[in-house]
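S.K.: Next up is a structure, given as structure tokens.
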Amino acid sequence: MNHRNSPNITIILKMSKVAVFSSKPYWVEWFNKVNKSGISFTFFDMALCKISAKTTKGFDAVCCFVNDKLDKEVLEELKNCGIKLVLLRCAGMNTLDNQAAKDFGITVLRVPSYSPYAVAEFTLALILGLNRKTHKAYNRTREGNFEISGLLGFDMKSKTVGVVGTGKIGLEVCRILRGFQCNIIAYDVIQNKEALELGVKYVTLDEIWKTSDVITLHTPLLKETKYLICENSINQMKKGVMLINVSRGALINSKDVIQGLKTGHIGYLGIDVYEEESNYFFEDFSANGIQDDVLSRLTSFPNVMVTSHQAWYTMEAISEICNVTINNLLDFQTNNLKSTNIVIPPPSS
Ligand code: NAD
């Protein structure tokens with residue numbers, strides 16, 4: 001059934017009430033812009049947690065973002081409030097206790113892909129920014145300093161870039177790097193035909209560590225990928241290597257990376273994600289200071305760029321996220337779910 005054109009469905013959907021957690025003005029703006037189905041969104045600034053979950057009675061669904069906790073305790077509160085549907089407005093699912101969601105009969109849907117281009121292009125923004133030190137040049141010229149000493153970069157052409165994970169985002173990174181005439185090597189548990197067609201050469205992880213000038217991570221956070229970057233892998237890397245992580249914070253052991261930065265073994269670090277980011281990212285701590293000494297140390301290095309999980313944040317991506325989230329709700333109600341968007345299926349299926 002095509003619910004988008006059905007007047008009956010629109011009447012049903014007028015009753016749909018969604019509690020949106022970890023909201024910001026941009027979520028309000030874009031959900032309201034995209035919502036053509038009469039869904040009632042209530043936006044909460046607070047993150048979803050055991051306490052805020054208690055406020056969901058009377059809603060038909062809750063909508064969560066990357067750092068909202070969906071552990072057993074939270075899911076149990078949601079179940080007690082009658083919530084049967086969780087809409088993730090993101091692709092990653094590492095905060096979810098899958099078994100608990102299944103046990104409590106809660107369906108979980110996600111947005112598997114919204115704009116791999118947004119994240120891939122941001123990856124290049126970090127690589128080029130760190131390489132050519134544009135962040136420093138910007139500050140210098142604003143203060144009337146037109147000196148270029150200390151801003152020396154390197155040509156990307158012919159450098160070896162190791163791409164770990166060649167799914168949707170990793171593949172787009174490879175496509176862009178091809179334009180820079182880089183030598184692209186990759187590691188993935190599944191080889192991507194399109195990456196092979198681009199001339200990407202699959203190698204072992206050890207070879208990635210040993211031969212890359214730049215290493216960029218594009219895998220999900222799994223048991224097998226946690227702390228992929230650690231003392232052992234760093235020790236195998238070229239001196240002065242550039243590391244980029246726009247995927248999930250815990251792919252990197254931050255303390256080991258700080259050690260590598262202090263010795264100069266790691267020459268550059270660009271991270272859009274951080275293992276303990278849920279305590280800080282998306283919020284303003286400029287007046288309070290940061291209690292997390294690891295994060296504080298990372299932001300203090302001149303050759304480190306830390307951004308606050310913004311790689312996805314383009315107009316095209318946020319519009320698509322809101323669209324797919326709304327369609328996931330409609331599909332749930334019309335029993336017409338897209339298999340790619342299902343994390344936990346409805347109990348009856
Ligand atoms: P994807 O599922 O299309 O690709 C992931 C790739 O990782 C797949 O090719 C898979 O085979 C590979 N993989 C799985 N296990 C692996 C392992 N053990 N070793 C090596 N490779 C392995 O996902 P995607 O859309 O490309 O997204 C990648 C990650 O980017 C997401 O999991 C998410 O964490 C992150 N992400 C970040 C942002 C951001 O704003 N910073 C936005 C979107 C996604």
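Here's how to read the names in the structure tokens: chain A, B, ... by the order shown, residue numbers from 1 in each chain, ligand numbers from 1 in the order shown.
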With only C-alpha atoms as the counted atoms, please give the residues lying no more than 7 Å from Leu87 of chain A, apart from itself and same-chain residues fewer than 3 positions off, as a PyMOL selection string.

M.R.: chain A and resi 62-64+108-110+325

S.K.: For those residues, write C-alpha atoms to a file as an mmCIF file, in the first residue's frame.

M.R.:
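What ended up in part01.cif:
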data_model
loop_
_atom_site.group_PDB
_atom_site.id
_atom_site.type_symbol
_atom_site.label_atom_id
_atom_site.label_comp_id
_atom_site.auth_asym_id
_atom_site.auth_seq_id
_atom_site.Cartn_x
_atom_site.Cartn_y
_atom_site.Cartn_z
ATOM 1 C CA VAL A 62 10.203 7.751 20.850
ATOM 2 C CA CYS A 63 12.848 9.130 18.529
ATOM 3 C CA CYS A 64 16.516 8.952 19.589
ATOM 4 C CA VAL A 108 13.494 -0.453 16.607
ATOM 5 C CA LEU A 109 13.902 1.209 13.219
ATOM 6 C CA ARG A 110 16.819 3.263 11.924
ATOM 7 C CA THR A 325 12.290 8.630 10.241
#

S.K.: Taking only C-alpha atoms and all ligand atoms and a cut-off of 9 Å, can you tell me which residues surround ligand 1, written as a PyMOL selection string?

M.R.: chain A and resi 90-94+112-116+118-120+122-123+164-172+187-192+205+217-226+228+245-249+271-273+308-313

S.K.: What lies within 12 Å of Asp155 of chain A using only C-alpha atoms, ignoring chain neighbours under 4 positions off, as a list in words?

M.R.: Ile127, Leu128, Asn131, Arg132, Lys159, Thr160, Phe180, Gln181, Cys182 and Asp213 of chain A

S.K.: Taking into account only C-alpha atoms, which residue in the set A:Phe104, A:Asn183, A:Ile258, A:Ser278 is nearest to Met46 of chain A?

M.R.: A:Ser278

S.K.: Please return as JSON, numbers by chain: the residues of segment 70-310 of chain A that backbone DSSP assigns to helix (DSSP H, G or I).

M.R.: {"A": [72, 73, 74, 75, 76, 77, 78, 79, 80, 98, 99, 100, 101, 102, 103, 116, 117, 118, 119, 120, 121, 122, 123, 124, 125, 126, 127, 128, 129, 130, 131, 132, 134, 135, 136, 137, 138, 139, 140, 141, 142, 168, 169, 170, 171, 172, 173, 174, 175, 176, 177, 178, 179, 193, 194, 195, 196, 197, 205, 206, 207, 208, 209, 210, 211, 231, 232, 233, 234, 235, 236, 249, 250, 251, 254, 255, 256, 257, 258, 259, 260, 261, 262, 263, 277, 278, 279, 293, 294, 295, 296, 297, 298, 299, 300]}

S.K.: Considering only strand (DSSP E or B) as DSSP defines it on the backbone, what residues of segment 124-340 of chain A qualify? List them as an MDAnalysis selection string.

M.R.: chainID A and resid 160:164 183:187 201:202 214:217 229 241:245 252 266:271 304:306
